[in-house]
>>> print(open('protein.cif').read())   # mmCIF, C-alpha atoms
data_upload
loop_
_atom_site.label_atom_id
_atom_site.label_comp_id
_atom_site.auth_asym_id
_atom_site.auth_seq_id
_atom_site.Cartn_x
_atom_site.Cartn_y
_atom_site.Cartn_z
CA MET Q 243 0.00 0.00 0.00
CA LYS Q 244 1.25 3.48 -0.83
CA ARG Q 245 2.44 5.30 2.26
CA VAL Q 246 0.64 8.54 3.00
CA PRO Q 247 2.99 11.23 4.36
CA ARG Q 248 2.34 12.09 8.01
CA PHE Q 249 2.99 15.20 10.03
CA VAL Q 250 5.02 14.29 13.09
CA ASP Q 251 6.66 16.09 15.98
CA ARG Q 252 10.36 16.67 15.38
CA SER Q 253 11.04 17.05 19.09
CA ARG Q 254 10.38 13.37 19.72
CA ALA Q 255 13.52 12.56 17.82
CA GLY Q 256 15.46 15.31 19.58
CA ARG Q 257 15.62 17.52 16.51
CA ARG Q 258 15.13 21.27 16.14
CA THR Q 259 11.63 22.30 15.03
CA ASP Q 260 11.86 24.02 11.65
CA GLY Q 261 9.39 25.36 9.17
CA LEU Q 262 5.71 26.10 9.22
CA PHE Q 263 5.03 22.39 9.40
CA GLY Q 264 7.94 20.57 11.09
CA PHE Q 265 7.50 17.41 9.06
CA ASP Q 266 10.03 14.65 9.50
CA PRO Q 267 9.79 10.87 9.34
CA ASP Q 268 9.38 8.85 12.48
CA PRO Q 269 12.66 7.20 13.52
CA ALA Q 270 11.13 3.84 12.67
CA ASP Q 271 10.57 5.10 9.14
CA ALA Q 272 14.15 6.15 8.50
CA ALA Q 273 14.39 3.90 5.45
CA GLU Q 274 11.41 5.55 3.73
CA PRO Q 275 12.11 7.43 0.49
CA ALA Q 276 13.05 11.07 0.90
CA ALA Q 277 10.08 12.17 -1.23
CA ASP Q 278 7.71 11.21 1.56
CA GLU Q 279 9.27 13.83 3.84
CA THR Q 280 7.82 16.66 1.76
CA ARG Q 281 5.09 18.71 3.44
CA THR Q 282 1.80 17.86 1.73
CA PHE Q 283 -1.46 19.75 1.37
CA GLU Q 284 -4.41 17.72 0.15
CA ILE Q 285 -7.03 19.37 -2.06
CA HIS Q 286 -10.32 17.80 -3.19
CA ALA Q 287 -11.77 19.01 -6.49
CA LEU Q 288 -15.53 18.56 -6.83
CA GLY Q 289 -17.94 19.21 -9.65
CA PRO Q 290 -20.33 17.43 -12.01
CA SER Q 291 -19.17 15.93 -15.27
CA GLY Q 292 -18.32 18.59 -17.83
CA SER Q 293 -17.39 21.30 -15.34
CA GLY Q 294 -13.82 21.21 -16.64
CA LYS Q 295 -11.85 19.70 -13.76
CA THR Q 296 -9.32 17.80 -15.88
CA VAL Q 297 -8.77 20.68 -18.30
CA PHE Q 298 -8.44 23.05 -15.34
CA THR Q 299 -5.80 20.80 -13.76
CA ALA Q 300 -3.91 20.43 -17.04
CA SER Q 301 -3.92 24.18 -17.63
CA LEU Q 302 -2.84 24.87 -14.04
CA TYR Q 303 0.07 22.47 -14.36
CA HIS Q 304 1.05 23.88 -17.76
CA ARG Q 305 1.04 27.40 -16.33
CA LEU Q 306 3.34 26.52 -13.41
CA LEU Q 307 5.62 23.81 -14.82
CA ILE Q 308 7.94 26.64 -15.89
CA ARG Q 309 8.93 29.27 -13.33
CA ARG Q 310 7.16 32.49 -14.25
CA PRO Q 311 8.69 35.95 -13.62
CA GLU Q 312 6.26 36.72 -10.79
CA TYR Q 313 6.90 33.49 -8.82
CA SER Q 314 9.92 32.06 -7.07
CA PHE Q 315 8.87 28.45 -7.68
CA TYR Q 316 7.63 26.05 -10.31
CA LEU Q 317 5.73 22.74 -10.16
CA LYS Q 318 6.81 19.28 -11.15
CA SER Q 319 5.04 15.93 -11.07
CA ASP Q 320 5.80 12.28 -11.75
CA HIS Q 321 6.45 11.32 -15.35
CA ALA Q 322 3.12 9.57 -15.95
CA SER Q 323 1.06 12.45 -14.52
CA SER Q 324 3.13 15.04 -16.36
CA ALA Q 325 2.75 13.21 -19.68
CA TYR Q 326 -1.00 12.81 -19.20
CA LEU Q 327 -1.67 16.43 -18.21
CA ASN Q 328 0.57 17.80 -20.94
CA GLY Q 329 -1.27 15.58 -23.41
CA VAL Q 330 -4.62 16.95 -22.25
CA TYR Q 331 -3.38 20.53 -22.54
CA ASN Q 332 -1.95 19.92 -26.01
CA GLN Q 333 -5.23 18.40 -27.12
CA VAL Q 334 -7.07 21.46 -25.87
CA ALA Q 335 -4.60 23.88 -27.48
CA ASP Q 336 -4.68 22.15 -30.89
CA ALA Q 337 -7.45 23.67 -33.01
CA ASP Q 338 -7.65 20.47 -35.07
CA GLU Q 339 -8.27 18.25 -32.04
CA ASP Q 340 -11.59 17.59 -30.32
CA TRP Q 341 -12.10 18.61 -26.72
CA PRO Q 342 -11.01 15.99 -24.14
CA ILE Q 343 -13.71 13.62 -22.97
CA ALA Q 344 -14.84 14.28 -19.40
CA SER Q 345 -13.32 11.77 -16.99
CA GLN Q 346 -15.53 9.75 -14.65
CA ASP Q 347 -12.62 8.25 -12.74
CA VAL Q 348 -11.14 9.24 -9.42
CA ARG Q 349 -7.72 10.72 -10.15
CA GLU Q 350 -4.92 11.82 -7.86
CA TRP Q 351 -2.29 14.33 -8.93
CA ASN Q 352 0.85 15.16 -6.95
CA PHE Q 353 2.60 18.47 -7.59
CA THR Q 354 5.89 19.34 -5.91
CA THR Q 355 6.96 22.96 -5.55
CA CYS Q 356 10.58 23.62 -6.53
CA VAL Q 357 12.64 26.69 -5.63
CA GLN Q 358 15.98 27.17 -7.36
CA SER Q 359 18.60 29.36 -5.74
CA ALA Q 360 22.37 29.86 -5.73
CA ALA Q 361 22.57 27.34 -2.88
CA GLY Q 362 20.72 24.61 -4.77
CA ASP Q 363 17.24 23.31 -5.53
CA PHE Q 364 14.69 22.96 -2.73
CA GLU Q 365 11.34 21.13 -2.71
CA PRO Q 366 9.59 22.23 0.48
CA LEU Q 367 5.95 21.62 -0.37
CA ARG Q 368 3.65 19.25 -2.22
CA PHE Q 369 0.04 19.68 -3.30
CA ARG Q 370 -1.99 16.49 -3.70
CA LEU Q 371 -5.08 17.16 -5.82
CA LEU Q 372 -7.84 14.56 -5.66
CA ASP Q 373 -10.19 14.90 -8.62
CA TYR Q 374 -13.52 13.07 -8.61
CA PRO Q 375 -17.08 13.69 -9.87
CA GLY Q 376 -19.18 15.57 -7.33
CA GLY Q 377 -21.85 12.88 -7.19
CA ILE Q 378 -19.53 9.97 -6.52
CA LEU Q 379 -19.78 10.19 -2.74
CA THR Q 380 -23.57 10.42 -2.82
CA ASN Q 381 -24.04 7.57 -5.28
CA PRO Q 382 -25.70 4.62 -3.44
CA ARG Q 383 -23.41 2.21 -5.29
CA GLY Q 384 -20.37 4.02 -3.92
CA ALA Q 385 -20.67 2.23 -0.58
CA GLN Q 386 -19.69 -1.02 -2.30
CA ASP Q 387 -16.76 0.54 -4.15
CA ALA Q 388 -13.51 0.10 -2.24
CA THR Q 389 -11.95 2.98 -4.18
CA VAL Q 390 -14.70 5.37 -3.10
CA SER Q 391 -15.28 4.22 0.47
CA GLY Q 392 -12.04 5.72 1.76
CA LEU Q 393 -12.69 9.13 0.24
CA VAL Q 394 -15.03 10.24 3.02
CA ASP Q 395 -12.33 10.05 5.68
CA ARG Q 396 -9.83 11.77 3.41
CA LEU Q 397 -12.38 14.48 2.69
CA ARG Q 398 -12.75 15.30 6.38
CA SER Q 399 -9.02 15.89 6.71
CA ALA Q 400 -8.62 17.82 3.42
CA ASN Q 401 -6.81 21.14 3.56
CA ALA Q 402 -8.98 22.74 0.87
CA LEU Q 403 -11.96 22.07 -1.38
CA PHE Q 404 -12.28 23.26 -4.96
CA VAL Q 405 -15.92 23.27 -6.10
CA LEU Q 406 -15.86 23.84 -9.86
CA LEU Q 407 -18.83 25.69 -11.33
CA ASP Q 408 -19.30 25.23 -15.08
CA GLY Q 409 -19.05 28.65 -16.72
CA GLN Q 410 -21.46 27.63 -19.44
CA ALA Q 411 -24.08 26.84 -16.80
CA MET Q 412 -23.28 30.10 -14.97
CA LEU Q 413 -23.87 32.00 -18.22
CA ALA Q 414 -27.24 30.30 -18.59
CA LEU Q 415 -28.02 31.13 -14.96
CA LEU Q 416 -27.35 34.83 -15.52
CA GLN Q 417 -29.47 34.75 -18.66
CA ASN Q 418 -32.34 33.18 -16.70
CA GLU Q 419 -32.28 30.03 -18.81
CA GLU Q 420 -33.53 26.67 -17.56
CA LEU Q 421 -30.09 25.08 -17.91
CA GLY Q 422 -28.70 27.41 -15.24
CA ALA Q 423 -31.54 26.82 -12.79
CA ARG Q 424 -31.30 23.04 -13.22
CA TYR Q 425 -27.54 23.18 -12.69
CA LEU Q 426 -27.97 24.76 -9.26
CA ALA Q 427 -30.97 22.64 -8.31
CA PHE Q 428 -29.57 19.25 -9.34
CA ASP Q 429 -26.06 19.12 -10.81
CA ILE Q 430 -24.15 20.98 -8.12
CA ILE Q 431 -26.12 19.93 -5.04
CA SER Q 432 -23.92 16.94 -4.19
CA SER Q 433 -20.83 19.17 -4.24
CA LEU Q 434 -22.55 21.59 -1.87
CA GLU Q 435 -23.46 18.68 0.37
CA ILE Q 436 -19.83 17.60 0.58
CA ALA Q 437 -18.68 21.17 1.23
CA GLN Q 438 -21.18 21.37 4.09
CA GLN Q 439 -19.61 18.34 5.76
CA SER Q 440 -16.07 19.71 5.72
CA ARG Q 441 -14.56 22.45 7.92
CA CYS Q 442 -11.70 23.40 5.60
CA PRO Q 443 -11.50 26.46 3.29
CA VAL Q 444 -13.65 26.26 0.14
CA GLN Q 445 -13.09 27.81 -3.26
CA PHE Q 446 -15.87 28.05 -5.82
CA VAL Q 447 -13.93 28.04 -9.09
CA VAL Q 448 -15.95 29.33 -12.05
CA THR Q 449 -14.46 27.61 -15.09
CA LYS Q 450 -14.81 28.82 -18.70
CA TRP Q 451 -14.88 32.43 -17.51
CA ASP Q 452 -14.07 33.49 -21.07
CA LEU Q 453 -17.76 32.86 -21.85
CA LEU Q 454 -18.81 35.47 -19.27
CA ASP Q 455 -15.92 37.90 -19.47
CA GLY Q 456 -17.05 41.22 -20.91
CA ARG Q 457 -20.71 40.27 -20.61
CA TYR Q 458 -21.13 39.83 -16.87
CA SER Q 459 -19.06 40.78 -13.84
CA LEU Q 460 -18.02 38.64 -10.91
CA ASP Q 461 -20.22 40.80 -8.70
CA GLN Q 462 -23.26 40.03 -10.87
CA LEU Q 463 -22.55 36.31 -10.68
CA ARG Q 464 -22.08 36.46 -6.93
CA GLN Q 465 -25.40 38.26 -6.48
CA ARG Q 466 -27.19 35.66 -8.60
CA LEU Q 467 -25.61 32.72 -6.78
CA MET Q 468 -26.57 34.20 -3.42
CA LEU Q 469 -30.21 34.30 -4.56
CA ASP Q 470 -30.13 30.50 -4.62
CA GLU Q 471 -31.28 29.20 -1.23
CA ASN Q 472 -28.90 26.23 -1.10
CA PHE Q 473 -25.83 28.21 -2.12
CA ARG Q 474 -26.66 31.13 0.16
CA ASP Q 475 -27.36 28.97 3.20
CA LEU Q 476 -24.19 26.94 2.67
CA VAL Q 477 -22.05 30.08 2.63
CA ARG Q 478 -23.80 31.54 5.66
CA SER Q 479 -23.72 28.37 7.73
CA LYS Q 480 -20.04 27.74 7.07
CA ALA Q 481 -19.20 31.35 7.88
CA GLU Q 482 -21.04 30.95 11.19
CA ASP Q 483 -19.62 27.55 12.09
CA THR Q 484 -16.00 27.71 10.94
CA PRO Q 485 -13.27 30.33 10.38
CA ALA Q 486 -12.65 28.91 6.91
CA THR Q 487 -12.30 31.36 4.04
CA ILE Q 488 -14.74 30.88 1.15
CA ARG Q 489 -13.77 32.30 -2.24
CA LEU Q 490 -15.28 32.77 -5.69
CA PHE Q 491 -12.57 32.64 -8.37
CA PRO Q 492 -13.27 33.25 -12.09
CA VAL Q 493 -10.79 31.22 -14.18
CA SER Q 494 -10.36 30.25 -17.79
CA SER Q 495 -8.16 27.36 -18.86
CA VAL Q 496 -7.83 28.80 -22.37
CA GLY Q 497 -8.51 32.54 -22.13
CA SER Q 498 -10.68 34.98 -24.01
CA GLY Q 499 -11.12 34.45 -27.75
CA PHE Q 500 -9.83 30.88 -27.81
CA ALA Q 501 -13.28 29.36 -28.38
CA ALA Q 502 -16.82 30.53 -29.04
CA MET Q 503 -20.13 28.88 -28.23
CA THR Q 504 -22.26 27.86 -31.21
CA GLU Q 505 -26.03 28.15 -31.39
CA TYR Q 506 -26.17 24.47 -30.39
CA GLY Q 507 -24.27 25.07 -27.16
CA GLU Q 508 -21.02 23.53 -28.40
CA MET Q 509 -17.63 25.16 -27.99
CA ARG Q 510 -15.77 25.73 -31.27
CA LYS Q 511 -12.05 26.55 -31.23
CA SER Q 512 -10.97 29.70 -33.03
CA GLY Q 513 -7.38 28.70 -33.75
CA ARG Q 514 -5.87 31.30 -31.41
CA PRO Q 515 -3.28 30.14 -28.87
CA PRO Q 516 -4.63 29.61 -25.34
CA GLN Q 517 -3.96 32.31 -22.74
CA PRO Q 518 -5.13 30.96 -19.36
CA HIS Q 519 -6.69 33.50 -17.02
CA ASN Q 520 -6.35 33.37 -13.21
CA ILE Q 521 -5.70 29.65 -13.52
CA GLU Q 522 -3.13 29.45 -10.69
CA LEU Q 523 -5.08 31.56 -8.17
CA PRO Q 524 -7.00 28.68 -6.55
CA LEU Q 525 -3.79 26.76 -5.86
CA LEU Q 526 -1.97 29.84 -4.54
CA ALA Q 527 -4.79 30.48 -2.06
CA VAL Q 528 -4.57 27.01 -0.50
CA LEU Q 529 -1.48 27.70 1.61
CA PRO Q 530 -2.45 31.05 3.23
CA ASP Q 531 -6.10 30.04 3.59
CA PHE Q 532 -5.36 26.81 5.42
CA LEU Q 533 -2.68 28.31 7.67
CA GLN Q 534 -5.04 31.14 8.57
CA PHE Q 535 -7.80 28.60 9.19
CA ALA Q 536 -5.57 26.45 11.42
CA TYR Q 537 -4.38 29.51 13.33
CA THR Q 538 -7.91 30.70 14.02
CA GLU Q 539 -9.18 27.24 14.96
CA ILE Q 540 -6.41 26.75 17.48
CA ARG Q 541 -6.77 30.23 18.93
CA ALA Q 542 -10.55 29.96 19.30
CA ARG Q 543 -10.36 26.55 20.98
CA GLU Q 544 -7.59 27.73 23.32
CA VAL Q 545 -9.67 30.71 24.40
CA LEU Q 546 -12.71 28.51 25.05
CA LEU Q 547 -10.66 26.08 27.11
CA ALA Q 548 -8.98 28.90 29.02
CA ASP Q 549 -12.35 30.43 29.90
CA ARG Q 550 -13.37 27.10 31.42
CA LYS Q 551 -10.11 26.65 33.27
CA GLN Q 552 -9.72 29.48 35.77
CA SER Q 553 -6.61 28.26 37.54
CA ALA Q 554 -3.05 29.39 38.09
CA GLY Q 555 -1.83 26.73 35.73
CA ARG Q 556 -3.89 27.79 32.72
CA LEU Q 557 -2.02 28.49 29.52
CA PRO Q 558 -1.80 32.14 28.43
CA PRO Q 559 -3.38 33.19 25.10
CA MET Q 560 -1.44 30.95 22.80
CA LEU Q 561 -0.75 33.23 19.93
CA SER Q 562 -0.34 36.63 21.56
CA ARG Q 563 2.79 38.07 19.97
CA GLN Q 564 3.91 39.54 23.31
CA LEU Q 565 3.91 36.05 24.86
CA GLN Q 566 5.49 34.18 21.95
CA PRO Q 567 8.98 33.90 23.54
CA LEU Q 568 7.40 32.43 26.67
CA MET Q 569 5.25 30.06 24.65
CA GLN Q 570 8.22 28.95 22.56
CA GLY Q 571 10.05 28.11 25.77
CA MET Q 572 7.23 25.94 27.03
CA ALA Q 573 6.45 24.40 23.64
CA ASP Q 574 7.71 20.94 24.55
CA THR Q 575 5.18 20.61 27.37
CA GLY Q 576 2.51 23.29 26.82
CA ILE Q 577 1.56 22.68 23.20
CA PRO Q 578 1.11 18.90 23.48
CA ARG Q 579 -1.07 19.45 26.58
CA LEU Q 580 -3.11 22.10 24.84
CA ARG Q 581 -3.53 19.96 21.75
CA LYS Q 582 -4.63 16.97 23.82
CA ALA Q 583 -7.20 19.11 25.63
CA ILE Q 584 -8.57 20.52 22.38
CA MET Q 585 -8.70 17.17 20.61
CA THR Q 586 -10.46 15.58 23.56
CA ARG Q 587 -13.16 18.18 23.33
CA TYR Q 588 -13.17 18.51 19.51
CA PRO Q 589 -12.05 15.11 18.16
CA GLY Q 590 -13.09 15.95 14.59
CA LEU Q 591 -10.15 18.35 14.28
CA GLU Q 592 -7.45 15.76 14.95
CA LYS Q 593 -6.64 14.79 11.36
CA MET Q 594 -6.91 18.33 10.07
CA LEU Q 595 -4.79 19.92 12.81
CA PRO Q 596 -1.86 17.65 13.69
CA GLU Q 597 0.53 18.62 16.48
CA SER Q 598 3.02 20.11 14.06
CA VAL Q 599 0.44 22.75 13.08
CA PHE Q 600 0.17 23.74 16.73
CA ARG Q 601 3.93 24.09 16.98
CA GLU Q 602 4.68 26.02 13.85
CA VAL Q 603 1.60 28.20 13.58
CA PHE Q 604 3.69 30.69 15.61
CA SER Q 605 6.05 30.99 12.66
CA TYR Q 606 3.14 31.55 10.30
CA ALA Q 607 1.66 34.31 12.46
CA GLU Q 608 4.99 36.06 12.85
CA ILE Q 609 5.86 35.88 9.15
CA LEU Q 610 2.38 37.10 8.19
CA ALA Q 611 2.59 40.07 10.54
CA GLN Q 612 6.06 40.97 9.28
CA GLY Q 613 4.92 40.68 5.67
CA GLN Q 614 1.88 42.87 6.21
CA ALA Q 615 4.01 45.55 7.87
CA ALA Q 616 6.64 45.42 5.11
CA ARG Q 617 4.02 45.67 2.36
CA ALA Q 618 2.38 48.65 4.06
CA ARG Q 619 5.76 50.36 4.34
CA MET Q 620 7.12 49.53 0.87
CA GLY Q 621 3.99 49.38 -1.24
CA ARG Q 622 2.70 46.28 -2.97
CA GLN Q 623 4.92 46.33 -6.07
CA ARG Q 624 8.17 47.01 -4.22
CA TYR Q 625 7.27 44.32 -1.70
CA ALA Q 626 6.63 41.80 -4.48
CA ASP Q 627 9.93 42.72 -6.13
CA ASP Q 628 11.72 42.31 -2.81
CA LEU Q 629 10.27 38.82 -2.40
CA MET Q 630 11.59 37.82 -5.81
CA ARG Q 631 15.07 39.08 -4.92
CA ARG Q 632 15.06 36.84 -1.86
CA ARG Q 633 15.02 33.71 -4.03
CA GLN Q 634 18.76 33.77 -4.64
CA GLY Q 635 19.37 33.97 -0.89
CA ILE Q 636 17.42 30.77 -0.14
CA THR Q 637 19.67 28.30 1.68
CA ASP Q 638 17.31 25.59 2.98
CA GLU Q 639 13.79 24.19 2.70
CA LEU Q 640 12.53 26.30 5.59
CA SER Q 641 13.42 29.59 3.93
CA ALA Q 642 12.09 28.25 0.59
CA LEU Q 643 8.78 27.34 2.22
CA GLN Q 644 8.47 30.72 3.91
CA LEU Q 645 9.15 32.52 0.62
CA ILE Q 646 6.43 30.50 -1.14
CA GLN Q 647 4.02 31.25 1.69
CA MET Q 648 4.75 35.00 1.53
CA GLN Q 649 4.36 35.12 -2.24
CA CYS Q 650 1.09 33.20 -2.15
CA GLU Q 651 -0.31 35.49 0.54
CA ASP Q 652 0.80 38.59 -1.37
CA ARG Q 653 -0.71 37.42 -4.66
CA VAL Q 654 -4.01 36.37 -3.10
CA SER Q 655 -4.41 39.47 -0.92
CA GLY Q 656 -3.67 41.60 -3.99
CA TYR Q 657 -6.44 39.86 -5.89
CA GLU Q 658 -8.79 40.40 -2.93
CA GLU Q 659 -7.95 44.09 -2.89
CA ALA Q 660 -8.76 44.45 -6.59
CA ASN Q 661 -11.78 42.11 -6.45
CA PRO Q 662 -13.38 42.29 -2.98
CA THR Q 663 -16.52 40.47 -4.15
CA SER Q 664 -14.38 37.34 -4.70
CA VAL Q 665 -14.42 36.74 -0.93
CA LEU Q 666 -17.65 35.16 0.27
CA ALA Q 667 -16.40 34.70 3.84
CA GLY Q 668 -13.14 35.29 5.69
CA GLY Q 669 -10.27 36.36 3.48
CA THR Q 670 -6.59 37.21 3.78
CA ARG Q 671 -6.34 40.99 3.61
CA HIS Q 672 -8.19 41.81 6.83
CA PHE Q 673 -6.86 38.92 8.90
CA SER Q 674 -4.83 40.13 11.87
CA PRO Q 675 -3.12 37.60 14.17
CA GLU Q 676 -3.32 39.96 17.13
CA THR Q 677 -7.13 40.26 17.01
CA VAL Q 678 -8.00 36.57 16.57
CA GLY Q 679 -10.06 35.27 19.47
CA GLN Q 680 -10.40 38.58 21.28
CA ASP Q 681 -14.16 38.21 21.27
CA GLY Q 682 -13.97 34.56 22.38
#
>>> encode(input="protein.cif", output="structure tokens")
Amino acid sequence: MKRVPRFVDRSRAGRRTDGLFGFDPDPADAAEPAADETRTFEIHALGPSGSGKTVFTASLYHRLLIRRPEYSFYLKSDHASSAYLNGVYNQVADADEDWPIASQDVREWNFTTCVQSAAGDFEPLRFRLLDYPGGILTNPRGAQDATVSGLVDRLRSANALFVLLDGQAMLALLQNEELGARYLAFDIISSLEIAQQSRCPVQFVVTKWDLLDGRYSLDQLRQRLMLDENFRDLVRSKAEDTPATIRLFPVSSVGSGFAAMTEYGEMRKSGRPPQPHNIELPLLAVLPDFLQFAYTEIRAREVLLADRKQSAGRLPPMLSRQLQPLMQGMADTGIPRLRKAIMTRYPGLEKMLPESVFREVFSYAEILAQGQAARARMGRQRYADDLMRRRQGITDELSALQLIQMQCEDRVSGYEEANPTSVLAGGTRHFSPETVGQDG
């Protein structure tokens, strides 16, 4: 059986805690391949057949398999996955080829982030993208399928959900056509059901945005979606029950002018080269959204426990920046005790928030606060340029990981600033580590 990477506590092996997620193999696993030591974020991509999940994934990979000027990293995958996704993208890009057939299979893609610097190449982070039809978990026959039965547990510990909304159906929805109403009432309902059952951040990714671009705005689509009772109540209930960010991202795997819709509802290629639009944004948001989510979850639970534990031995507010040196000093005893107390009371968080998150969320909060201050002082463009200059000074996986995190946060918060209606709940720009839990 394929080994699933685990987050473990470095201190148990007497090693220094490094990174946002101090991931290291258990001593008993010393013979495991080095690749399994990579920090891994698991993403589940939902959506009915035809929503464009495979084309989206292929375009995303094609966009980031080469390091672009605005990013310090690129993505790589195993040979079979790379060949398949490149083949899908080439089929899409070729005007003489038909569109790829929608896949009905469960597929798993592993993407490793790579940062090249003068000191060498570093691979600090992996994204595992699980792609399956939205109805597969609600299909009565799924209970007998061994491949499907394990997805429910994995779903509950996912770091992010992508719910893909078919742009063609969204266009019909905005034009008050029956296809759009049926899409919300029937096609997407199983994906909303799954999103309801998970606590992690959710991104509604509107594919085929080139069909809507120039005709409708993201704000218009948001308003129409929020008129739907199921969609509206899902967003509101999750915003009330979890600190998870919920986003609405318009993306196009091919870009404006690449294809046009015929009178029969078919997409005909124009012969122009594809120019993907916003295609990497959903992936970039995963890291800051989950770290922010984990931070807030831990802080809220710590405050609740502290309120119930009025004793001299109670832990101070865990993430107060003034108390961080003290908390770092008591990390070996305080954090495991706090985690045990929280997991006893909230056992559903155990898989999503391993002990390493408790340990290194301090680093995330500190880096985020420093980045926000630097951006306010320097301005967004100078700050982004400064981040790119740091790439050549990277000397280890920790500094590579922190640079990726800072760039992702900067890119996503910049998009939020330009497109505030893209945030349905939560968000990055207005998150302040020092105010989390003050009302708890």
>>> resolve_selection(input="protein.cif", expression="the PyMOL selection byres ((chain Q and resi 426-435) around 8)", output="list in words")
Leu288, Gly289, Pro290, Gly376, Gly377, Thr380, Val405, Leu407, Gly422, Ala423, Arg424, Tyr425, Ile436, Ala437, Gln438, Gln439, Asp470, Asn472, Phe473 and Leu476 of chain Q
>>> atom_distance(input="protein.cif", atom1="CA of Gly329 (chain Q)", atom2="CA of Arg653 (chain Q)")
28.8 Å
>>> resolve_selection(input="protein.cif", expression="the PyMOL selection byres ((chain Q and resi 362) around 10)", output="compact mmCIF listing (two decimals) with C-alpha atoms, in the frame of the given file")
# COMPACT_ATOMS: atom_id res chain seq x y z
CA VAL Q 357 12.64 26.69 -5.63
CA GLN Q 358 15.98 27.17 -7.36
CA SER Q 359 18.60 29.36 -5.74
CA ALA Q 360 22.37 29.86 -5.73
CA ALA Q 361 22.57 27.34 -2.88
CA ASP Q 363 17.24 23.31 -5.53
CA PHE Q 364 14.69 22.96 -2.73
CA GLN Q 634 18.76 33.77 -4.64
CA ILE Q 636 17.42 30.77 -0.14
CA THR Q 637 19.67 28.30 1.68
CA ASP Q 638 17.31 25.59 2.98
>>> resolve_selection(input="protein.cif", expression="the PyMOL selection byres ((chain Q and resi 496-498) around 7)", output="list in words")
Asp452, Ser494, Ser495, Gly499, Phe500, Pro516, Gln517, Pro518 and His519 of chain Q
>>> axis_aligned_box(input="protein.cif", around="region 671-674 of chain Q", padding_each_side="3 Å", output="JSON")
{"center_x": -6.5, "center_y": 40.4, "center_z": 7.7, "size_x": 9.4, "size_y": 8.9, "size_z": 14.3}
>>> closest_residue(input="protein.cif", among="Q:Pro530, Q:Gly392, Q:Pro578, Q:Gly621", to="Arg671 (chain Q)", atoms="all atoms listed in the file")
Q:Pro530
>>> closest_residue(input="protein.cif", among="Q:Phe532, Q:Tyr657, Q:Tyr606, Q:Phe298", to="Val448 (chain Q)", atoms="all atoms listed in the file")
Q:Phe298
>>> closest_residue(input="protein.cif", among="Q:Thr354, Q:Ser314, Q:Ser512, Q:Thr299", to="Asp627 (chain Q)", atoms="only C-alpha atoms")
Q:Ser314
>>> atom_distance(input="protein.cif", atom1="CA of Trp351 (chain Q)", atom2="CA of Pro311 (chain Q)")
24.7 Å
>>> atom_distance(input="protein.cif", atom1="CA of Leu640 (chain Q)", atom2="CA of Arg281 (chain Q)")
10.8 Å
